[in-house]
Protein chains: 2
Amino acid sequence: MNYNIGEGAAFSKTISESDVYMYAGMTGDMNALHINEEYAQNSQFGGRIVHGMLVAGFISTVLGMKYPGEGTVYLEQQVKFCAPVKIGDTITAKVEVIEIINVDKGIVRLKTDVFNQKQIQVIKGYAVVKVPGKSVVR
Amino acid sequence: MNYNIGEGAAFSKTISESDVYMYAGMTGDMNALHINEEYAQNSQFGGRIVHGMLVAGFISTVLGMKYPGEGTVYLEQQVKFCAPVKIGDTITAKVEVIEIINVDKGIVRLKTDVFNQKQIQVIKGYAVVKVPGKSVVR
């Protein structure tokens with residue numbers, strides 16, 4: 001299989017309250033902004049927000065499950081958190097190859113962006129991965 | 001409160017099989033390397049590995065819960081995945097201020113590293129955050 005600049009995939013999910021609470025328990029990140037509605041309503045966000053790194057995790061879902069897919073080795077991820085995600089928001093993580101870093105080793109850079117249901121960008125960043133089968137086209 | 005270069009904190013956790021399975025269900029990242037022991041045993045890793053972005057999430061736990069702590073606003077995270085984490089590994093996420101980016105806005109850069117129980121570095125990276133109260137010292 002070949003991997004070319006401009007190719008990519010996306011994954012969407014509505015983030016539930018249970019997602020946020022399980023993630024808080026799993027990671028120990030019980031920041032009041034995520035789990036205390038009374039506190040969060042009085043913050044700049046006006047209500048509980050989803051952990052940024054949980055939202056960023058959906059980028060990995062696209063990379064490992066859709067494109068490049070099975071066998072992808074995750075080398076690097078950079079994310080900027082541009083806007084808050086609320087419980088109940090439907091987010092879409094998109095990845096797109098923007099650079100072939102090493103043809104022989106099959107290492108590519110992808111643009112990795114996440115948007116909410118209003119098309120507001122919530123995460124902007126990039127990933128570096130080793131594609132399965134090492135076959136890339138410059 | 002002031003925030004100075006060299007300050008930081010750490011958080012440790014043994015990653016359980018249930019952590020990995022709940023995270024797989026939550027994110028949809030059912031990559032066989034994470035949830036299929038038979039497949040993973042025949043891979044370069046020799047067994048199931050923990051999702052990299054789940055491990056990276058413990059950096060957020062330190063930032064939000066320990067240092068700088070409550071009120072921290074997460075702006076940016078960069079991670080390089082240096083070594084695999086296996087189910088049962090005990091990981092330690094460490095953060096340390098390395099740069100005061102903007103004194104007035106209280107924006108600092110922290111080195112964010114994660115190690116396993118053998119002191120092997122599994123994640124190397126940095127975060128940019130806005131500290132609570134905006135008070136930093138150059």
# chains A, B, ... in the order shown; residues from 1 in each chain; ligands from 1

$ residues_around --residues "segment 51-61 of chain A" --least-positions-apart "3" --cutoff "6 Å" --atoms "only C-alpha atoms" --output "PyMOL selection string"
(chain A and resi 64-65+93) or (chain B and resi 27+29+53+57)

$ residues_around --residues "Lys118 of chain A" --least-positions-apart "3" --cutoff "9 Å" --atoms "only C-alpha atoms" --output "ChimeraX atom specification"
/A:90,115,121

$ calpha_fit_and_write --fixed "chain B" --moving "chain A" --output "short mmCIF file (atom, residue, chain, number, x, y, z; two decimals) with N, CA and C atoms, in the first residue's frame"
data_model
loop_
_atom_site.label_atom_id
_atom_site.label_comp_id
_atom_site.auth_asym_id
_atom_site.auth_seq_id
_atom_site.Cartn_x
_atom_site.Cartn_y
_atom_site.Cartn_z
N MET A 1 0.61 33.30 44.41
CA MET A 1 1.63 32.24 44.29
C MET A 1 2.55 32.52 43.11
N ASN A 2 3.82 32.23 43.31
CA ASN A 2 4.79 32.40 42.23
C ASN A 2 5.14 31.06 41.59
N TYR A 3 5.54 31.12 40.35
CA TYR A 3 5.94 29.92 39.61
C TYR A 3 7.33 30.16 39.07
N ASN A 4 8.24 29.25 39.38
CA ASN A 4 9.64 29.46 39.04
C ASN A 4 10.22 28.32 38.22
N ILE A 5 11.23 28.63 37.45
CA ILE A 5 11.93 27.60 36.69
C ILE A 5 12.52 26.57 37.65
N GLY A 6 12.37 25.30 37.30
CA GLY A 6 12.89 24.20 38.12
C GLY A 6 11.85 23.58 39.02
N GLU A 7 10.72 24.26 39.23
CA GLU A 7 9.66 23.68 40.06
C GLU A 7 8.84 22.66 39.26
N GLY A 8 8.21 21.74 39.97
CA GLY A 8 7.40 20.75 39.27
C GLY A 8 6.77 19.76 40.23
N ALA A 9 6.30 18.65 39.67
CA ALA A 9 5.67 17.60 40.47
C ALA A 9 5.63 16.32 39.64
N ALA A 10 5.16 15.24 40.27
CA ALA A 10 5.09 13.95 39.59
C ALA A 10 3.86 13.17 40.04
N PHE A 11 3.47 12.21 39.24
CA PHE A 11 2.34 11.32 39.57
C PHE A 11 2.66 9.93 39.01
N SER A 12 2.42 8.92 39.83
CA SER A 12 2.71 7.54 39.42
C SER A 12 1.45 6.69 39.46
N LYS A 13 1.36 5.74 38.53
CA LYS A 13 0.24 4.79 38.55
C LYS A 13 0.64 3.50 37.83
N THR A 14 0.20 2.38 38.38
CA THR A 14 0.34 1.10 37.68
C THR A 14 -0.84 0.99 36.72
N ILE A 15 -0.54 0.77 35.45
CA ILE A 15 -1.61 0.72 34.43
C ILE A 15 -2.21 -0.68 34.40
N SER A 16 -3.51 -0.74 34.63
CA SER A 16 -4.19 -2.05 34.68
C SER A 16 -4.76 -2.41 33.32
N GLU A 17 -5.08 -3.68 33.17
CA GLU A 17 -5.76 -4.14 31.96
C GLU A 17 -7.10 -3.41 31.80
N SER A 18 -7.79 -3.19 32.92
CA SER A 18 -9.10 -2.52 32.82
C SER A 18 -8.94 -1.08 32.35
N ASP A 19 -7.85 -0.41 32.73
CA ASP A 19 -7.60 0.95 32.22
C ASP A 19 -7.55 0.92 30.69
N VAL A 20 -6.79 -0.01 30.17
CA VAL A 20 -6.59 -0.10 28.72
C VAL A 20 -7.90 -0.45 28.00
N TYR A 21 -8.67 -1.36 28.60
CA TYR A 21 -9.91 -1.78 27.94
C TYR A 21 -10.99 -0.71 28.01
N MET A 22 -11.06 0.00 29.15
CA MET A 22 -12.03 1.11 29.24
C MET A 22 -11.65 2.22 28.27
N TYR A 23 -10.36 2.49 28.19
CA TYR A 23 -9.90 3.55 27.28
C TYR A 23 -10.18 3.17 25.82
N ALA A 24 -9.98 1.89 25.49
CA ALA A 24 -10.27 1.42 24.13
C ALA A 24 -11.76 1.61 23.80
N GLY A 25 -12.61 1.29 24.77
CA GLY A 25 -14.05 1.45 24.55
C GLY A 25 -14.47 2.90 24.44
N MET A 26 -13.85 3.72 25.26
CA MET A 26 -14.17 5.15 25.31
C MET A 26 -13.77 5.88 24.03
N THR A 27 -12.59 5.54 23.53
CA THR A 27 -12.07 6.26 22.36
C THR A 27 -12.39 5.56 21.05
N GLY A 28 -12.72 4.27 21.12
CA GLY A 28 -12.90 3.52 19.87
C GLY A 28 -11.58 3.02 19.29
N ASP A 29 -10.48 3.24 20.00
CA ASP A 29 -9.19 2.77 19.50
C ASP A 29 -8.98 1.32 19.90
N MET A 30 -9.50 0.42 19.06
CA MET A 30 -9.45 -1.03 19.29
C MET A 30 -8.30 -1.65 18.49
N ASN A 31 -7.27 -0.88 18.24
CA ASN A 31 -6.07 -1.40 17.59
C ASN A 31 -5.68 -2.73 18.26
N ALA A 32 -5.44 -3.75 17.44
CA ALA A 32 -5.15 -5.09 17.96
C ALA A 32 -3.95 -5.11 18.90
N LEU A 33 -3.02 -4.20 18.71
CA LEU A 33 -1.85 -4.14 19.60
C LEU A 33 -2.25 -3.86 21.05
N HIS A 34 -3.42 -3.24 21.24
CA HIS A 34 -3.87 -2.89 22.59
C HIS A 34 -4.80 -3.94 23.20
N ILE A 35 -5.56 -4.65 22.37
CA ILE A 35 -6.63 -5.49 22.91
C ILE A 35 -6.59 -6.96 22.49
N ASN A 36 -5.57 -7.35 21.72
CA ASN A 36 -5.51 -8.74 21.25
C ASN A 36 -4.14 -9.32 21.60
N GLU A 37 -4.11 -10.09 22.69
CA GLU A 37 -2.84 -10.61 23.19
C GLU A 37 -2.16 -11.55 22.19
N GLU A 38 -2.97 -12.37 21.50
CA GLU A 38 -2.39 -13.31 20.53
C GLU A 38 -1.70 -12.55 19.40
N TYR A 39 -2.38 -11.50 18.91
CA TYR A 39 -1.81 -10.68 17.84
C TYR A 39 -0.56 -9.95 18.35
N ALA A 40 -0.69 -9.36 19.54
CA ALA A 40 0.40 -8.53 20.08
C ALA A 40 1.64 -9.36 20.40
N GLN A 41 1.44 -10.62 20.79
CA GLN A 41 2.60 -11.48 21.08
C GLN A 41 3.43 -11.75 19.83
N ASN A 42 2.79 -11.69 18.68
CA ASN A 42 3.52 -11.91 17.43
C ASN A 42 4.00 -10.61 16.80
N SER A 43 3.81 -9.49 17.49
CA SER A 43 4.26 -8.19 16.97
C SER A 43 5.66 -7.89 17.52
N GLN A 44 6.21 -6.77 17.11
CA GLN A 44 7.52 -6.35 17.60
C GLN A 44 7.51 -6.10 19.11
N PHE A 45 6.30 -5.94 19.72
CA PHE A 45 6.23 -5.60 21.14
C PHE A 45 6.12 -6.82 22.05
N GLY A 46 5.76 -7.98 21.50
CA GLY A 46 5.72 -9.21 22.28
C GLY A 46 4.59 -9.29 23.28
N GLY A 47 3.59 -8.43 23.14
CA GLY A 47 2.44 -8.46 24.05
C GLY A 47 1.68 -7.15 23.94
N ARG A 48 0.52 -7.10 24.54
CA ARG A 48 -0.32 -5.91 24.44
C ARG A 48 0.36 -4.67 25.03
N ILE A 49 0.25 -3.56 24.35
CA ILE A 49 0.81 -2.30 24.85
C ILE A 49 -0.32 -1.31 25.15
N VAL A 50 0.00 -0.40 26.04
CA VAL A 50 -0.96 0.62 26.47
C VAL A 50 -1.02 1.73 25.41
N HIS A 51 -2.22 2.26 25.17
CA HIS A 51 -2.36 3.38 24.23
C HIS A 51 -1.42 4.53 24.64
N GLY A 52 -0.64 5.02 23.71
CA GLY A 52 0.29 6.11 24.02
C GLY A 52 -0.39 7.34 24.58
N MET A 53 -1.58 7.66 24.03
CA MET A 53 -2.26 8.87 24.48
C MET A 53 -2.91 8.70 25.85
N LEU A 54 -3.14 7.44 26.27
CA LEU A 54 -3.58 7.22 27.66
C LEU A 54 -2.42 7.53 28.61
N VAL A 55 -1.23 7.05 28.25
CA VAL A 55 -0.04 7.33 29.08
C VAL A 55 0.22 8.84 29.13
N ALA A 56 0.09 9.49 27.98
CA ALA A 56 0.32 10.94 27.93
C ALA A 56 -0.69 11.70 28.81
N GLY A 57 -1.86 11.11 29.02
CA GLY A 57 -2.89 11.76 29.82
C GLY A 57 -2.48 12.00 31.27
N PHE A 58 -1.53 11.21 31.76
CA PHE A 58 -1.10 11.39 33.15
C PHE A 58 -0.29 12.68 33.33
N ILE A 59 0.23 13.21 32.23
CA ILE A 59 0.88 14.53 32.29
C ILE A 59 -0.15 15.58 32.69
N SER A 60 -1.33 15.49 32.08
CA SER A 60 -2.42 16.42 32.40
C SER A 60 -2.85 16.28 33.86
N THR A 61 -2.81 15.05 34.37
CA THR A 61 -3.16 14.82 35.77
C THR A 61 -2.21 15.60 36.69
N VAL A 62 -0.92 15.54 36.40
CA VAL A 62 0.04 16.27 37.23
C VAL A 62 -0.21 17.78 37.12
N LEU A 63 -0.38 18.25 35.89
CA LEU A 63 -0.55 19.70 35.67
C LEU A 63 -1.80 20.24 36.36
N GLY A 64 -2.90 19.49 36.27
CA GLY A 64 -4.17 19.98 36.79
C GLY A 64 -4.37 19.73 38.28
N MET A 65 -3.71 18.68 38.79
CA MET A 65 -3.96 18.29 40.17
C MET A 65 -2.83 18.66 41.12
N LYS A 66 -1.60 18.72 40.62
CA LYS A 66 -0.46 18.91 41.52
C LYS A 66 0.30 20.21 41.28
N TYR A 67 0.80 20.39 40.09
CA TYR A 67 1.58 21.58 39.78
C TYR A 67 1.43 21.93 38.32
N PRO A 68 1.02 23.12 37.96
CA PRO A 68 0.63 24.25 38.82
C PRO A 68 -0.65 24.01 39.63
N GLY A 69 -1.45 23.00 39.28
CA GLY A 69 -2.63 22.67 40.08
C GLY A 69 -3.90 23.36 39.64
N GLU A 70 -4.89 23.38 40.54
CA GLU A 70 -6.23 23.88 40.22
C GLU A 70 -6.23 25.25 39.57
N GLY A 71 -6.96 25.36 38.48
CA GLY A 71 -7.04 26.64 37.78
C GLY A 71 -6.09 26.74 36.60
N THR A 72 -5.21 25.75 36.46
CA THR A 72 -4.29 25.72 35.32
C THR A 72 -5.07 25.57 34.02
N VAL A 73 -4.72 26.36 33.00
CA VAL A 73 -5.34 26.21 31.68
C VAL A 73 -4.30 25.61 30.73
N TYR A 74 -4.69 24.46 30.15
CA TYR A 74 -3.81 23.67 29.29
C TYR A 74 -3.83 24.28 27.89
N LEU A 75 -2.70 24.72 27.39
CA LEU A 75 -2.67 25.36 26.08
C LEU A 75 -2.08 24.47 25.00
N GLU A 76 -1.09 23.68 25.36
CA GLU A 76 -0.36 22.93 24.34
C GLU A 76 0.35 21.73 24.97
N GLN A 77 0.44 20.64 24.21
CA GLN A 77 1.20 19.48 24.65
C GLN A 77 1.88 18.84 23.47
N GLN A 78 3.16 18.53 23.63
CA GLN A 78 3.89 17.83 22.59
C GLN A 78 4.48 16.58 23.23
N VAL A 79 4.31 15.42 22.58
CA VAL A 79 4.87 14.18 23.13
C VAL A 79 5.57 13.38 22.05
N LYS A 80 6.69 12.76 22.43
CA LYS A 80 7.34 11.77 21.58
C LYS A 80 7.26 10.46 22.33
N PHE A 81 6.79 9.42 21.63
CA PHE A 81 6.66 8.10 22.25
C PHE A 81 7.98 7.35 22.05
N CYS A 82 8.74 7.19 23.15
CA CYS A 82 10.11 6.66 23.06
C CYS A 82 10.16 5.16 23.24
N ALA A 83 9.26 4.61 24.04
CA ALA A 83 9.30 3.17 24.34
C ALA A 83 7.88 2.73 24.69
N PRO A 84 7.56 1.44 24.43
CA PRO A 84 6.20 0.96 24.72
C PRO A 84 5.96 0.81 26.22
N VAL A 85 4.69 0.96 26.61
CA VAL A 85 4.26 0.69 27.99
C VAL A 85 3.39 -0.56 27.95
N LYS A 86 3.71 -1.52 28.82
CA LYS A 86 2.94 -2.77 28.89
C LYS A 86 1.90 -2.68 30.01
N ILE A 87 0.86 -3.49 29.89
CA ILE A 87 -0.12 -3.62 30.96
C ILE A 87 0.62 -4.11 32.21
N GLY A 88 0.40 -3.45 33.34
CA GLY A 88 1.07 -3.82 34.58
C GLY A 88 2.29 -2.95 34.88
N ASP A 89 2.73 -2.17 33.89
CA ASP A 89 3.85 -1.26 34.13
C ASP A 89 3.41 -0.13 35.07
N THR A 90 4.34 0.33 35.89
CA THR A 90 4.08 1.49 36.75
C THR A 90 4.77 2.69 36.15
N ILE A 91 3.97 3.66 35.72
CA ILE A 91 4.56 4.81 35.05
C ILE A 91 4.55 6.03 35.99
N THR A 92 5.52 6.89 35.78
CA THR A 92 5.62 8.13 36.55
C THR A 92 5.71 9.29 35.57
N ALA A 93 4.73 10.21 35.65
CA ALA A 93 4.74 11.41 34.81
C ALA A 93 5.33 12.55 35.63
N LYS A 94 6.31 13.25 35.06
CA LYS A 94 6.99 14.34 35.76
C LYS A 94 6.88 15.62 34.94
N VAL A 95 6.61 16.73 35.62
CA VAL A 95 6.60 18.03 34.93
C VAL A 95 7.54 18.97 35.67
N GLU A 96 8.18 19.86 34.89
CA GLU A 96 9.11 20.82 35.49
C GLU A 96 9.15 22.08 34.63
N VAL A 97 8.99 23.22 35.25
CA VAL A 97 9.00 24.50 34.51
C VAL A 97 10.39 24.72 33.92
N ILE A 98 10.45 24.97 32.61
CA ILE A 98 11.75 25.22 31.96
C ILE A 98 11.82 26.60 31.32
N GLU A 99 10.66 27.29 31.19
CA GLU A 99 10.69 28.60 30.53
C GLU A 99 9.47 29.43 30.95
N ILE A 100 9.73 30.70 31.26
CA ILE A 100 8.62 31.62 31.49
C ILE A 100 8.38 32.31 30.15
N ILE A 101 7.27 31.98 29.51
CA ILE A 101 7.01 32.50 28.16
C ILE A 101 6.44 33.91 28.22
N ASN A 102 5.50 34.15 29.14
CA ASN A 102 4.88 35.47 29.23
C ASN A 102 4.53 35.75 30.70
N VAL A 103 5.27 36.66 31.30
CA VAL A 103 5.08 36.96 32.73
C VAL A 103 3.69 37.54 32.98
N ASP A 104 3.27 38.48 32.14
CA ASP A 104 1.99 39.16 32.36
C ASP A 104 0.80 38.21 32.25
N LYS A 105 0.87 37.31 31.27
CA LYS A 105 -0.24 36.38 31.07
C LYS A 105 -0.07 35.09 31.89
N GLY A 106 1.08 34.92 32.53
CA GLY A 106 1.31 33.72 33.34
C GLY A 106 1.46 32.46 32.52
N ILE A 107 2.11 32.59 31.37
CA ILE A 107 2.26 31.42 30.50
C ILE A 107 3.66 30.85 30.63
N VAL A 108 3.73 29.56 30.94
CA VAL A 108 5.02 28.90 31.15
C VAL A 108 5.10 27.62 30.32
N ARG A 109 6.34 27.23 30.02
CA ARG A 109 6.59 25.95 29.34
C ARG A 109 7.18 24.99 30.36
N LEU A 110 6.69 23.76 30.35
CA LEU A 110 7.20 22.72 31.24
C LEU A 110 7.72 21.55 30.43
N LYS A 111 8.80 20.97 30.91
CA LYS A 111 9.28 19.70 30.39
C LYS A 111 8.35 18.64 30.94
N THR A 112 7.88 17.72 30.11
CA THR A 112 6.92 16.70 30.57
C THR A 112 7.42 15.33 30.13
N ASP A 113 7.92 14.57 31.09
CA ASP A 113 8.52 13.27 30.79
C ASP A 113 7.81 12.17 31.56
N VAL A 114 7.74 11.00 30.94
CA VAL A 114 7.12 9.85 31.60
C VAL A 114 8.11 8.68 31.56
N PHE A 115 8.24 8.02 32.71
CA PHE A 115 9.18 6.90 32.86
C PHE A 115 8.42 5.67 33.34
N ASN A 116 8.98 4.48 33.05
CA ASN A 116 8.39 3.27 33.62
C ASN A 116 9.16 2.86 34.89
N GLN A 117 8.80 1.70 35.45
CA GLN A 117 9.39 1.27 36.72
C GLN A 117 10.87 0.93 36.61
N LYS A 118 11.35 0.77 35.36
CA LYS A 118 12.78 0.50 35.17
C LYS A 118 13.54 1.78 34.85
N GLN A 119 12.87 2.93 35.02
CA GLN A 119 13.46 4.25 34.72
C GLN A 119 13.73 4.41 33.23
N ILE A 120 13.05 3.62 32.41
CA ILE A 120 13.15 3.82 30.96
C ILE A 120 12.16 4.92 30.59
N GLN A 121 12.62 5.89 29.81
CA GLN A 121 11.73 6.99 29.41
C GLN A 121 10.79 6.50 28.31
N VAL A 122 9.50 6.65 28.56
CA VAL A 122 8.50 6.19 27.59
C VAL A 122 7.90 7.35 26.81
N ILE A 123 7.88 8.54 27.41
CA ILE A 123 7.41 9.74 26.72
C ILE A 123 8.33 10.90 27.06
N LYS A 124 8.64 11.69 26.03
CA LYS A 124 9.46 12.88 26.19
C LYS A 124 8.68 14.01 25.52
N GLY A 125 8.57 15.16 26.20
CA GLY A 125 7.84 16.23 25.56
C GLY A 125 7.78 17.49 26.40
N TYR A 126 6.90 18.40 25.99
CA TYR A 126 6.71 19.60 26.78
C TYR A 126 5.26 20.06 26.71
N ALA A 127 4.88 20.85 27.71
CA ALA A 127 3.54 21.44 27.76
C ALA A 127 3.67 22.95 27.88
N VAL A 128 2.66 23.65 27.42
CA VAL A 128 2.54 25.08 27.66
C VAL A 128 1.22 25.28 28.40
N VAL A 129 1.28 25.97 29.54
CA VAL A 129 0.06 26.20 30.33
C VAL A 129 0.01 27.65 30.81
N LYS A 130 -1.21 28.07 31.13
CA LYS A 130 -1.43 29.34 31.81
C LYS A 130 -1.63 28.99 33.27
N VAL A 131 -0.77 29.54 34.13
CA VAL A 131 -0.84 29.20 35.55
C VAL A 131 -1.99 29.94 36.23
N PRO A 132 -2.49 29.41 37.35
CA PRO A 132 -3.54 30.09 38.09
C PRO A 132 -3.00 31.38 38.70
N GLY A 133 -3.78 32.43 38.65
CA GLY A 133 -3.39 33.67 39.31
C GLY A 133 -2.37 34.50 38.54
N LYS A 134 -1.87 33.96 37.44
CA LYS A 134 -1.01 34.70 36.51
C LYS A 134 0.32 35.19 37.10
N SER A 135 0.72 34.67 38.27
CA SER A 135 1.90 35.21 38.90
C SER A 135 3.12 34.33 38.65
N VAL A 136 4.05 34.82 37.84
CA VAL A 136 5.26 34.06 37.57
C VAL A 136 6.48 34.94 37.82
N VAL A 137 7.60 34.30 38.05
CA VAL A 137 8.85 35.01 38.30
C VAL A 137 9.83 34.64 37.19
N ARG A 138 10.47 35.65 36.61
CA ARG A 138 11.41 35.34 35.54
C ARG A 138 12.71 34.81 36.12
#

$ select_by_dssp --residues "segment 27-131 of chain A" --states "alpha helix (DSSP H)" --output "MDAnalysis selection string"
chainID A and resid 27 32:35 37:41 52:65

$ write_last_selection --atoms "N, CA and C atoms" --output "PDB file, in the first residue's frame"
ATOM      1  N   THR A  27      -7.390   8.270  34.972  1.00  0.00           N
ATOM      2  CA  THR A  27      -6.152   9.053  34.979  1.00  0.00           C
ATOM      3  C   THR A  27      -5.883   9.713  36.325  1.00  0.00           C
ATOM      4  N   ALA A  32     -11.553  20.108  39.095  1.00  0.00           N
ATOM      5  CA  ALA A  32     -12.952  20.505  39.305  1.00  0.00           C
ATOM      6  C   ALA A  32     -13.634  20.974  38.019  1.00  0.00           C
ATOM      7  N   LEU A  33     -12.863  21.510  37.088  1.00  0.00           N
ATOM      8  CA  LEU A  33     -13.446  21.953  35.813  1.00  0.00           C
ATOM      9  C   LEU A  33     -14.078  20.794  35.045  1.00  0.00           C
ATOM     10  N   HIS A  34     -13.614  19.564  35.319  1.00  0.00           N
ATOM     11  CA  HIS A  34     -14.133  18.394  34.603  1.00  0.00           C
ATOM     12  C   HIS A  34     -15.262  17.682  35.353  1.00  0.00           C
ATOM     13  N   ILE A  35     -15.258  17.753  36.681  1.00  0.00           N
ATOM     14  CA  ILE A  35     -16.178  16.893  37.445  1.00  0.00           C
ATOM     15  C   ILE A  35     -17.079  17.624  38.437  1.00  0.00           C
ATOM     16  N   GLU A  37     -19.856  20.504  38.427  1.00  0.00           N
ATOM     17  CA  GLU A  37     -20.667  21.412  37.622  1.00  0.00           C
ATOM     18  C   GLU A  37     -20.853  22.773  38.302  1.00  0.00           C
ATOM     19  N   GLU A  38     -21.017  22.764  39.628  1.00  0.00           N
ATOM     20  CA  GLU A  38     -21.215  24.031  40.356  1.00  0.00           C
ATOM     21  C   GLU A  38     -19.980  24.915  40.216  1.00  0.00           C
ATOM     22  N   TYR A  39     -18.804  24.290  40.379  1.00  0.00           N
ATOM     23  CA  TYR A  39     -17.540  25.034  40.243  1.00  0.00           C
ATOM     24  C   TYR A  39     -17.371  25.511  38.801  1.00  0.00           C
ATOM     25  N   ALA A  40     -17.620  24.602  37.856  1.00  0.00           N
ATOM     26  CA  ALA A  40     -17.374  24.909  36.440  1.00  0.00           C
ATOM     27  C   ALA A  40     -18.314  25.995  35.922  1.00  0.00           C
ATOM     28  N   GLN A  41     -19.538  26.045  36.467  1.00  0.00           N
ATOM     29  CA  GLN A  41     -20.477  27.089  36.036  1.00  0.00           C
ATOM     30  C   GLN A  41     -19.988  28.483  36.411  1.00  0.00           C
ATOM     31  N   GLY A  52      -8.802  17.788  27.858  1.00  0.00           N
ATOM     32  CA  GLY A  52      -8.200  18.006  26.539  1.00  0.00           C
ATOM     33  C   GLY A  52      -7.521  16.771  25.986  1.00  0.00           C
ATOM     34  N   MET A  53      -6.844  16.018  26.870  1.00  0.00           N
ATOM     35  CA  MET A  53      -6.111  14.847  26.389  1.00  0.00           C
ATOM     36  C   MET A  53      -7.033  13.681  26.047  1.00  0.00           C
ATOM     37  N   LEU A  54      -8.262  13.689  26.584  1.00  0.00           N
ATOM     38  CA  LEU A  54      -9.251  12.694  26.139  1.00  0.00           C
ATOM     39  C   LEU A  54      -9.668  13.014  24.699  1.00  0.00           C
ATOM     40  N   VAL A  55      -9.917  14.290  24.440  1.00  0.00           N
ATOM     41  CA  VAL A  55     -10.291  14.709  23.077  1.00  0.00           C
ATOM     42  C   VAL A  55      -9.155  14.396  22.103  1.00  0.00           C
ATOM     43  N   ALA A  56      -7.930  14.680  22.526  1.00  0.00           N
ATOM     44  CA  ALA A  56      -6.767  14.412  21.665  1.00  0.00           C
ATOM     45  C   ALA A  56      -6.632  12.917  21.360  1.00  0.00           C
ATOM     46  N   GLY A  57      -7.136  12.076  22.256  1.00  0.00           N
ATOM     47  CA  GLY A  57      -7.039  10.634  22.061  1.00  0.00           C
ATOM     48  C   GLY A  57      -7.758  10.127  20.819  1.00  0.00           C
ATOM     49  N   PHE A  58      -8.749  10.870  20.358  1.00  0.00           N
ATOM     50  CA  PHE A  58      -9.484  10.437  19.167  1.00  0.00           C
ATOM     51  C   PHE A  58      -8.633  10.557  17.900  1.00  0.00           C
ATOM     52  N   ILE A  59      -7.587  11.369  17.965  1.00  0.00           N
ATOM     53  CA  ILE A  59      -6.633  11.425  16.848  1.00  0.00           C
ATOM     54  C   ILE A  59      -5.968  10.055  16.691  1.00  0.00           C
ATOM     55  N   SER A  60      -5.576   9.476  17.822  1.00  0.00           N
ATOM     56  CA  SER A  60      -4.962   8.144  17.812  1.00  0.00           C
ATOM     57  C   SER A  60      -5.925   7.091  17.274  1.00  0.00           C
ATOM     58  N   THR A  61      -7.207   7.257  17.583  1.00  0.00           N
ATOM     59  CA  THR A  61      -8.222   6.332  17.072  1.00  0.00           C
ATOM     60  C   THR A  61      -8.227   6.342  15.540  1.00  0.00           C
ATOM     61  N   VAL A  62      -8.200   7.531  14.959  1.00  0.00           N
ATOM     62  CA  VAL A  62      -8.198   7.624  13.494  1.00  0.00           C
ATOM     63  C   VAL A  62      -6.922   6.989  12.933  1.00  0.00           C
ATOM     64  N   LEU A  63      -5.790   7.340  13.520  1.00  0.00           N
ATOM     65  CA  LEU A  63      -4.496   6.850  13.002  1.00  0.00           C
ATOM     66  C   LEU A  63      -4.402   5.325  13.080  1.00  0.00           C
ATOM     67  N   GLY A  64      -4.856   4.756  14.189  1.00  0.00           N
ATOM     68  CA  GLY A  64      -4.688   3.312  14.395  1.00  0.00           C
ATOM     69  C   GLY A  64      -5.777   2.467  13.755  1.00  0.00           C
ATOM     70  N   MET A  65      -6.961   3.064  13.595  1.00  0.00           N
ATOM     71  CA  MET A  65      -8.102   2.275  13.123  1.00  0.00           C
ATOM     72  C   MET A  65      -8.465   2.552  11.672  1.00  0.00           C
TER      73      MET A  65
END

$ select_by_dssp --residues "chain B" --states "strand (DSSP E or B)" --output "VMD selection string"
chain B and resid 8 to 14 49 73 to 81 86 90 to 102 107 to 115 121 to 130
